[in-house]
Structures are given as structure tokens and as C-alpha cells.
2 protein chains.
Amino acid sequence: MKHKLVFLLLAALISGGICLAQTNQPAVVEDFKPSSVNQPDKQYPQVNSEGRVRVSISAPQALRVQFDIGAVKYDLTKDDKGVWIGECAPQDEGFHYYQLWVDGAAVPDPNSLYFYGASRWGSGIEIPAKDQEFYALKNVPHGQLRENHYFSKSTNAVRRCFVYTPPGYDEKANNRYPVLYLQHGMGENETGWGNQGHADLIMDNLIAEGKTKPFIIVMDNSSVNFPTGARPGMTPRRPGTADSASAADTSQARRGSFGNFNFAAQFEKILIEELIPYIDANYRTLTDQPHRAMAGLSMGGMQTRQITLANLKLFSHIGIFSGGSISMEDVNNAVGFKEKVKLVFVSFGSRELENPRAGGRGPFGGDPKVNSAALKEAGINSQFYVSPLTAHEWQSWRRSFQEFASLLFKD
Amino acid sequence: MKHKLVFLLLAALISGGICLAQTNQPAVVEDFKPSSVNQPDKQYPQVNSEGRVRVSISAPQALRVQFDIGAVKYDLTKDDKGVWIGECAPQDEGFHYYQLWVDGAAVPDPNSLYFYGASRWGSGIEIPAKDQEFYALKNVPHGQLRENHYFSKSTNAVRRCFVYTPPGYDEKANNRYPVLYLQHGMGENETGWGNQGHADLIMDNLIAEGKTKPFIIVMDNSSVNFPTGARPGMTPRRPGTADSASAADTSQARRGSFGNFNFAAQFEKILIEELIPYIDANYRTLTDQPHRAMAGLSMGGMQTRQITLANLKLFSHIGIFSGGSISMEDVNNAVGFKEKVKLVFVSFGSRELENPRAGGRGPFGGDPKVNSAALKEAGINSQFYVSPLTAHEWQSWRRSFQEFASLLFKD
């Protein structure tokens, strides 16, 4: 009786498995290649032409190892040498965070490079995109990405920012340049636009092709008063950087819901009273309003919206990537908007628009496409861009940045 | 009978444990504080006043978790919530690499920042040192650490280097500066002297105290033709960087033992034919021999020795940290050594000298202290430095760099 039950259970499992394999799991295409963001000499993770990622890790004594990507956990299988292997469903083109679970421990994949996102330094994977040439490292003149430390009085801390200077900046010692302040998303930091976004390489390539004016980009950390890990932090490029958020800040930051929470106030103070003066004093910038832009992704887009609308005397070009939009009500509430603002650029990944809940359209000014059209109708230089077949992720933002950069500072 | 056996075994284990605790394991001092190189908001790892490190990781289903530091694996213990915790024996002051083992899987600690060393991006810990102020991030004028990409013809690849420019470099547009080419060790890369070594902060602090002349530092990757993971690589600061070592290189590199292996030849070509011309063309350097130095740690010290001895027309100041020394035989074999070389600086950690096998004294020119004294005797500006109570590790090299920097380019 007992054996018969086991047999029936096994038969059910096997037939269920076969059925599943036949209907829901198409054959995996066996053209995997090592990922471009593997650590040196590592053969895994690998990516195939479908966009599946195959990971592998040696864990001889482990009972269960899982691959956690895109909010799904995939069980790996173990070979007779104790090496676990397995792959995920096809992913969107571009960059994705992931991690492994080894008997209940969430750990980075020891084979991958590490990136700061999702409020931690952890593994990332790159699915080769059809349009990846625009952010590839090429043999063209390169700008520099400069790590800067400056003292912030309002936080009583030495802060860090990265500054991109375009090719030729040092040689053309009498040139002055427009500046873009470019913000990361929640749970990311000042390294995101370089490491994940490749903003510097996108600029180098655009400049080499004559598709944008050279300008300076400033990337600072805007997660100043956030409750969780998204604080300006110590990172591999500078472990010693002081942390400007205190425990006291965080309880204050929890005072409202996300919609009411003033997520930009402390960074606005740092940006306007400290960072902009520091940059204008230390770089050959054009310091007038027509030559200063601000943009950001997700939370950084929301901060851009709030800070620029409140400071139109400082910013003329506005970019909001997957972070809401600007409505005619906003325009009418901001004195002099039509005269002062030279560009409003709003973008989303197409999958965000298909699924508005994931797109941040909610409390931040209504339907972005409708808003953008209304602004254009009112005579404002309003641009709306949709990244094809991507979601709330870096490939949307790389493309958005490229589009935005090519529209900036056109006099 | 069975129960009695279990009882006896348990009694033996318990008494053995108590005995062990009494004789071999002194009480751990309970003044642990979160490490300065933790990821944001992480409470572990922690370090106490003895230099012990306590790590913790949640792994509810794991059977065994170990903490691997200083070539010793320590078993962690699990609490009733599945959280593992434990600490190691006291470590030397300064920086150390480590990893965790979860049921046989070697993984980075998800709580720590990551550093490139031991041929992998992985966990690092900082034991606060009594002299840590000299590499602390302070409110002083800061230089910049600049990420550069340049095309290398000999490797047909875009390579990356970091360049430190001292405070005031941009403002003093007519100043020209001496240059130091500073090399990492085996299994490390061009990020080591910034991330682990804090060379930029050491310079900022020395300059602020008037203890060194401002100079430029160039940090490139010299692991060009090495068999294992120590290749110029893609790193979190620039995942897209092309890798200049091909599979073909590695078999060639295996042709000899370490002693005979020409570990400097390919980098010498890159350095002299490509990197120095690139730096001299793109930075305001003093391009003559009296204003160019080279130094390195471990393998980088050996490369420095070999490359400078063969190119005294290019280098006037030589620094070898834990990487051998220069003998009178070397001096006599290098035409014009006494006239051309303004400084020979050799250093070791004191523990390396206590245990010469660990110190790289072997085939690289004999006893370093004897060699240094002989050079001094012969009228050469020869300096020998010993870092107290440290081994073949970053604290020795931070101190060595500080000492060396304060002696450079004194006319």
C-alpha cells in the first residue's frame, strides 16, 4: 500500500514534469557565451541568444541552490562533482541585478562583477542588446570620469561625486561647458550612471559622431534622507567616504507615505547651496541658467521634477526618465516656465506604459504621454520617448539618456 | 547501553570544549563595532579592539558555514533563527581579504564592500590601525582620481588607467608636475592603489601638511601576460573595458618558473611606448627623467626593479615595496646608475623580514637590508623602511607609499 502510494506520487510528478516540459518550457537554445560583466577568466554566468542566463557555482555540501533574477527564483541542479547549474527564463535586453541563494543564504555570485543597486553591492548581468553599440567602449576620443571629494556643511561630511569631462576638456583650456546634473534611482548611488548606465561612454560615442554638444555631467548621491540602504555610501571606489545620513534622519524620513514624503528636500539643499557652487568653482562651466540641466531616473526623475520646478532660475533643461512627467498644471504653477524652460524630456520603457502600476505614473502628474502632448500644444519644447520592449530598468535609462543628451543645449 | 555511549560522548565533548576554552581560546573582548568597509546600513562584519573580526550571515538551511581569513577557516555557529555568527583570531592592523564558505560554496560576504585582489572581486575588512589618520578621508583640499581610457596598439585594446591629480591641478593651469607610475601586486589591478591603498587620500593629507611636493600618480594594470586571473580586467568601475590579454598570451606566459618568467616584458612595452606618451600628451607633466618615478608592491615592485634598471634614461626615483631590492651588482651592471638615480627606496613589513620565505627576498637580489646599506655606502640615496608589525599586506604598502612619497622629487 505504502509502495503503491509512492509509485503513484512519483508517476504523477514525472508526468506532470513531462507535461510541463512539453507545454511551458520550450527547449533552451544552446548558444550560451560568458557574460561581458563576468570577473576576469570566469566562464559563468553565460547568456544565450534568447536572453536566458545560465549560472554555475560549486557547492558540494549544499542541499538547495537558487538563481534569483527578475523577482523569480529558479532551482539549480547539482552534478556529481557538487557543481550547481541552471538558467532562467529569457530576460529583457540590457542590465539586470541578481543574486544566488545557497541553503537559505542570499549571496552575490562569486563569478560576476558587482554593482550598487537594490540597496546593495551585488551581482549584475548584461543581456547583449541589438543597439548595444551606442554604449560600447570604442577606440574614439574618451572623456574622463573624475572622482571628487568636497565638504558639505549642511551634512558636516565629505561627500563624493563623479564628474564626466568631455574629450579635449584639458587641452581647450579657455573653453567653458554646459553642465548636466544626473541622478540615479532609489537604492542606487553616485556610481550607477557610470557603472550600469555607461553615461560616459554614451557621451564619448555621441561626441565622436557629432550628435551632441560636449558638456560636463555631475553624478552625486541624492539618497540623502532615505529610510533604507539607499544612503550616500562607502563604495569600492572609495571605502572611506563619510556617510552623511544619520540614524536620526531616517525616522524623520518615515513621516509620510511615499506620495507625501519629501524625498528631495535635503538633496535640494546640498545641490543648490553646495554642489553647484563647488562644481562652478572647480570646473570650467557655463554658470548661467540656459547652460544648466537636470535629469534623473525613477526616484531621481521625481527629484528632478520637484527641484527644477522650484528652481527655474537655475535650470533650463529637464529630463525625467521613468519618474513621472510635468503637467500643464505644473507649468501654470511655476512662474515663467514657458520663457525659462528650453526642454522637457519625459521617457519610459514600453513595458512600464503597458503596466502603469510599474511605471510611476501614479501621483506624479498624470498620464505622461497626455501631459507631454499638452505641453507641446502649449508651445513648450516637450519630447516624449519610449524605449522599446524594456521595463523599469537600465536599458530604458541608457536609451533615454542618449536621446536626451542629443537634444541638450541646442541654441 | 546506547544512551550511555551518547552520554559519555557528550560529556567528553563538553569537557573538551571547556578545556579548550580555558587553555587555547582566551575570552573575546566584547567591544565589536561595525567595520568601516561595510555596505551601507550593515551591522556586520564587526571588528573589536583585539583585531578580531566577527561575521554574520543568515543561512537557515545550511549545514556548515565558515569564515575564511588569513588562510584559516573558522567555523561559525548557528542560532535558532538560522543566523550564523563567529569570529577569527586577531588580525594585523590594516586591510585583509576574506570570504565565506556556505556548504562548500566560496562566496563573498553579502555585508562587505568588494575589492579586487587574490584574482577576484571579493570581501575585504579593515582593522583600525593606530596610525590610520594618514590615509583617512579628511576635510582638506582633495585631488581627483580620474578614470582614463586609451588605445593600446601593442595589445589592440582600449586600456584603462587611473590618474591622481593633486589639489589645485586645474586652477594652476601653467604648472607642470612630476609623475609617479605606481603598480599593484599579483592578482590585483589598477583599482588597488585607490580602493585598498588610499594613495590619493595619503597624497591629499601629505600635501595638506606640506610633507610632499604635489605630483601626478598613474595607476595602470601591469598583469598583462599572466597565466591566472590577474589580467587587466573589467571591473565595477568600468564593466565594458576590453581585456587586453588573450588566451594565446597565457600559454606563452607559462613557459618558465616564476623565477625565470619574464613578468615585466609586455607591460614594459605598454608603459614605455604607449602609457608614458599618453600621459605626457594628456597631462601637464614634467617629461624629463629627473621628474619621473616608478614604484610598486610585490610583483609590481619586481616589475619596477626590472623596468627601471633597463630604462634609467626614463626614471630617476625607484620604489620597491615587498618586492626585492637592488644590489651593488645591479648598480654596477646598469650604466650610469649613480648619476641618474636620485632615490632607491626599499621596504618590507616587519613580519616579512622575520619570515623571509614570505617576503620575496629570494631570487631578487639578496638581503634587502644589506643591499640598501651597501648602496648607501656607495654614495647612493638609498632608503630602507620597515613597517612595524605587518606582513605582505596593504598596511605595509600604505605606510611604504607615505614614506616614499615624502622623499620624492626633492631637488
# chains A, B, ... in the order shown; residues from 1 in each chain; ligands from 1
$ residues_around --residues "Ser123 (chain B)" --least-positions-apart "3" --cutoff "7 Å" --atoms "only C-alpha atoms" --output "PyMOL selection string"
chain B and resi 97-99+108-109+112-115
$ write_last_selection --atoms "N, CA, C and O atoms" --output "PDB file, in the first residue's frame"
ATOM      1  N   TYR B  97      41.815  40.644   2.805  1.00  0.00           N
ATOM      2  CA  TYR B  97      40.789  39.978   2.005  1.00  0.00           C
ATOM      3  C   TYR B  97      40.196  38.829   2.817  1.00  0.00           C
ATOM      4  O   TYR B  97      40.869  38.235   3.648  1.00  0.00           O
ATOM      5  N   TYR B  98      38.933  38.485   2.573  1.00  0.00           N
ATOM      6  CA  TYR B  98      38.353  37.286   3.189  1.00  0.00           C
ATOM      7  C   TYR B  98      37.178  36.791   2.359  1.00  0.00           C
ATOM      8  O   TYR B  98      36.737  37.466   1.420  1.00  0.00           O
ATOM      9  N   GLN B  99      36.652  35.626   2.719  1.00  0.00           N
ATOM     10  CA  GLN B  99      35.453  35.101   2.071  1.00  0.00           C
ATOM     11  C   GLN B  99      34.714  34.187   3.036  1.00  0.00           C
ATOM     12  O   GLN B  99      35.212  33.869   4.115  1.00  0.00           O
ATOM     13  N   PRO B 108      31.441  35.739  -1.576  1.00  0.00           N
ATOM     14  CA  PRO B 108      31.699  36.979  -0.858  1.00  0.00           C
ATOM     15  C   PRO B 108      30.685  37.129   0.278  1.00  0.00           C
ATOM     16  O   PRO B 108      29.566  36.620   0.189  1.00  0.00           O
ATOM     17  N   ASP B 109      31.095  37.809   1.321  1.00  0.00           N
ATOM     18  CA  ASP B 109      30.170  38.185   2.392  1.00  0.00           C
ATOM     19  C   ASP B 109      29.218  39.245   1.840  1.00  0.00           C
ATOM     20  O   ASP B 109      29.671  40.307   1.402  1.00  0.00           O
ATOM     21  N   SER B 112      29.782  43.015   3.106  1.00  0.00           N
ATOM     22  CA  SER B 112      31.004  43.825   2.987  1.00  0.00           C
ATOM     23  C   SER B 112      31.072  44.518   1.631  1.00  0.00           C
ATOM     24  O   SER B 112      30.390  44.129   0.682  1.00  0.00           O
ATOM     25  N   LEU B 113      31.922  45.537   1.544  1.00  0.00           N
ATOM     26  CA  LEU B 113      32.293  46.073   0.243  1.00  0.00           C
ATOM     27  C   LEU B 113      33.250  45.097  -0.432  1.00  0.00           C
ATOM     28  O   LEU B 113      33.808  44.210   0.209  1.00  0.00           O
ATOM     29  N   TYR B 114      33.436  45.288  -1.749  1.00  0.00           N
ATOM     30  CA  TYR B 114      34.239  44.353  -2.529  1.00  0.00           C
ATOM     31  C   TYR B 114      35.459  45.036  -3.146  1.00  0.00           C
ATOM     32  O   TYR B 114      35.394  46.198  -3.547  1.00  0.00           O
ATOM     33  N   PHE B 115      36.535  44.273  -3.215  1.00  0.00           N
ATOM     34  CA  PHE B 115      37.834  44.779  -3.660  1.00  0.00           C
ATOM     35  C   PHE B 115      38.444  43.764  -4.620  1.00  0.00           C
ATOM     36  O   PHE B 115      38.226  42.567  -4.467  1.00  0.00           O
TER      37      PHE B 115
END
$ select_by_dssp --residues "region 118-204 of chain A" --states "strand (DSSP E)" --output "ChimeraX atom specification"
/A:120-127,144-152,157-165,179-183
$ residues_around --residues "Val179 (chain A)" --least-positions-apart "2" --cutoff "12 Å" --atoms "only C-alpha atoms" --output "count of residues only"
38
$ select_by_dssp --residues "region 303-408 of chain A" --states "alpha helix (DSSP H)" --output "VMD selection string"
chain A and resid 303 to 310 328 to 333 337 to 340 350 to 354 368 to 377 394 to 405
$ residues_around --residues "Val370 (chain A)" --least-positions-apart "2" --cutoff "12 Å" --atoms "only C-alpha atoms" --output "mmCIF file with C-alpha atoms, in the first residue's frame"
data_model
loop_
_atom_site.group_PDB
_atom_site.id
_atom_site.type_symbol
_atom_site.label_atom_id
_atom_site.label_comp_id
_atom_site.auth_asym_id
_atom_site.auth_seq_id
_atom_site.Cartn_x
_atom_site.Cartn_y
_atom_site.Cartn_z
ATOM 1 C CA GLY A 324 6.586 60.820 -13.820
ATOM 2 C CA SER A 325 6.052 63.854 -16.005
ATOM 3 C CA ILE A 326 5.171 67.541 -15.958
ATOM 4 C CA SER A 327 1.555 68.594 -16.409
ATOM 5 C CA MET A 328 0.058 71.874 -17.613
ATOM 6 C CA VAL A 346 9.987 62.553 -20.463
ATOM 7 C CA ARG A 361 2.701 57.369 -13.442
ATOM 8 C CA GLY A 365 1.291 64.415 -12.607
ATOM 9 C CA GLY A 366 -0.967 62.032 -14.545
ATOM 10 C CA ASP A 367 -0.542 60.264 -17.875
ATOM 11 C CA PRO A 368 2.928 61.177 -19.197
ATOM 12 C CA SER A 372 3.808 65.751 -22.914
ATOM 13 C CA ALA A 373 1.383 66.354 -25.771
ATOM 14 C CA ALA A 374 -0.337 69.131 -23.793
ATOM 15 C CA LEU A 375 2.988 70.871 -23.176
ATOM 16 C CA LYS A 376 3.876 70.664 -26.866
ATOM 17 C CA GLU A 377 0.445 72.043 -27.727
ATOM 18 C CA SER A 382 8.320 68.827 -24.993
ATOM 19 C CA GLN A 383 9.778 65.482 -26.032
ATOM 20 C CA PHE A 384 8.339 62.076 -25.184
#
$ residues_around --residues "Asp220 (chain B)" --least-positions-apart "3" --cutoff "12 Å" --atoms "only C-alpha atoms" --output "number ranges by chain"
B: 146-150, 159-164, 180-185, 188-194, 217, 223-224, 231-233, 267-268, 270-271, 274-276, 279, 294-296, 300
$ atom_distance --atom1 "CA of Phe337 (chain B)" --atom2 "CA of Met186 (chain B)"
27.7 Å
$ atom_distance --atom1 "CA of Lys211 (chain B)" --atom2 "CA of Tyr385 (chain B)"
17.2 Å
$ closest_residue --among "B:Ala264, B:Ala281, B:Leu407, B:Ile85" --to "Ala310 (chain B)" --atoms "only C-alpha atoms"
B:Ala264
$ residues_around --residues "Cys88 (chain A)" --least-positions-apart "6" --cutoff "7 Å" --atoms "only C-alpha atoms" --output "list of chain:residue names"
A:Arg52, A:Val53, A:Arg54, A:Tyr74
$ write_last_selection --atoms "all heavy atoms" --output "mmCIF file, in the first residue's frame"
data_model
loop_
_atom_site.group_PDB
_atom_site.id
_atom_site.type_symbol
_atom_site.label_atom_id
_atom_site.label_comp_id
_atom_site.auth_asym_id
_atom_site.auth_seq_id
_atom_site.Cartn_x
_atom_site.Cartn_y
_atom_site.Cartn_z
ATOM 1 N N ARG A 52 18.441 34.158 -22.042
ATOM 2 C CA ARG A 52 18.491 33.374 -20.806
ATOM 3 C C ARG A 52 19.879 33.500 -20.190
ATOM 4 O O ARG A 52 20.884 33.572 -20.903
ATOM 5 C CB ARG A 52 18.260 31.890 -21.085
ATOM 6 C CG ARG A 52 16.865 31.534 -21.455
ATOM 7 C CD ARG A 52 16.746 30.016 -21.610
ATOM 8 N NE ARG A 52 15.644 29.659 -22.463
ATOM 9 C CZ ARG A 52 14.394 29.448 -22.013
ATOM 10 N NH1 ARG A 52 14.135 29.539 -20.728
ATOM 11 N NH2 ARG A 52 13.419 29.159 -22.854
ATOM 12 N N VAL A 53 19.932 33.454 -18.867
ATOM 13 C CA VAL A 53 21.206 33.488 -18.154
ATOM 14 C C VAL A 53 21.395 32.139 -17.482
ATOM 15 O O VAL A 53 20.477 31.626 -16.837
ATOM 16 C CB VAL A 53 21.216 34.595 -17.081
ATOM 17 C CG1 VAL A 53 22.572 34.637 -16.369
ATOM 18 C CG2 VAL A 53 20.882 35.941 -17.700
ATOM 19 N N ARG A 54 22.594 31.563 -17.660
ATOM 20 C CA ARG A 54 22.921 30.299 -17.003
ATOM 21 C C ARG A 54 24.019 30.579 -15.981
ATOM 22 O O ARG A 54 25.068 31.109 -16.320
ATOM 23 C CB ARG A 54 23.394 29.282 -18.040
ATOM 24 C CG ARG A 54 23.823 27.950 -17.440
ATOM 25 C CD ARG A 54 24.123 26.947 -18.545
ATOM 26 N NE ARG A 54 22.903 26.378 -19.094
ATOM 27 C CZ ARG A 54 22.840 25.667 -20.225
ATOM 28 N NH1 ARG A 54 23.936 25.473 -20.937
ATOM 29 N NH2 ARG A 54 21.683 25.161 -20.630
ATOM 30 N N TYR A 74 14.899 30.445 -9.454
ATOM 31 C CA TYR A 74 14.999 29.226 -10.261
ATOM 32 C C TYR A 74 15.902 28.233 -9.520
ATOM 33 O O TYR A 74 17.021 28.579 -9.136
ATOM 34 C CB TYR A 74 15.615 29.536 -11.625
ATOM 35 C CG TYR A 74 14.828 30.550 -12.432
ATOM 36 C CD1 TYR A 74 15.032 31.926 -12.256
ATOM 37 C CD2 TYR A 74 13.887 30.139 -13.372
ATOM 38 C CE1 TYR A 74 14.307 32.864 -12.990
ATOM 39 C CE2 TYR A 74 13.160 31.075 -14.110
ATOM 40 C CZ TYR A 74 13.376 32.426 -13.909
ATOM 41 O OH TYR A 74 12.663 33.349 -14.643
#
$ atom_distance --atom1 "CA of Pro141 (chain A)" --atom2 "CA of Gly124 (chain A)"
27.6 Å
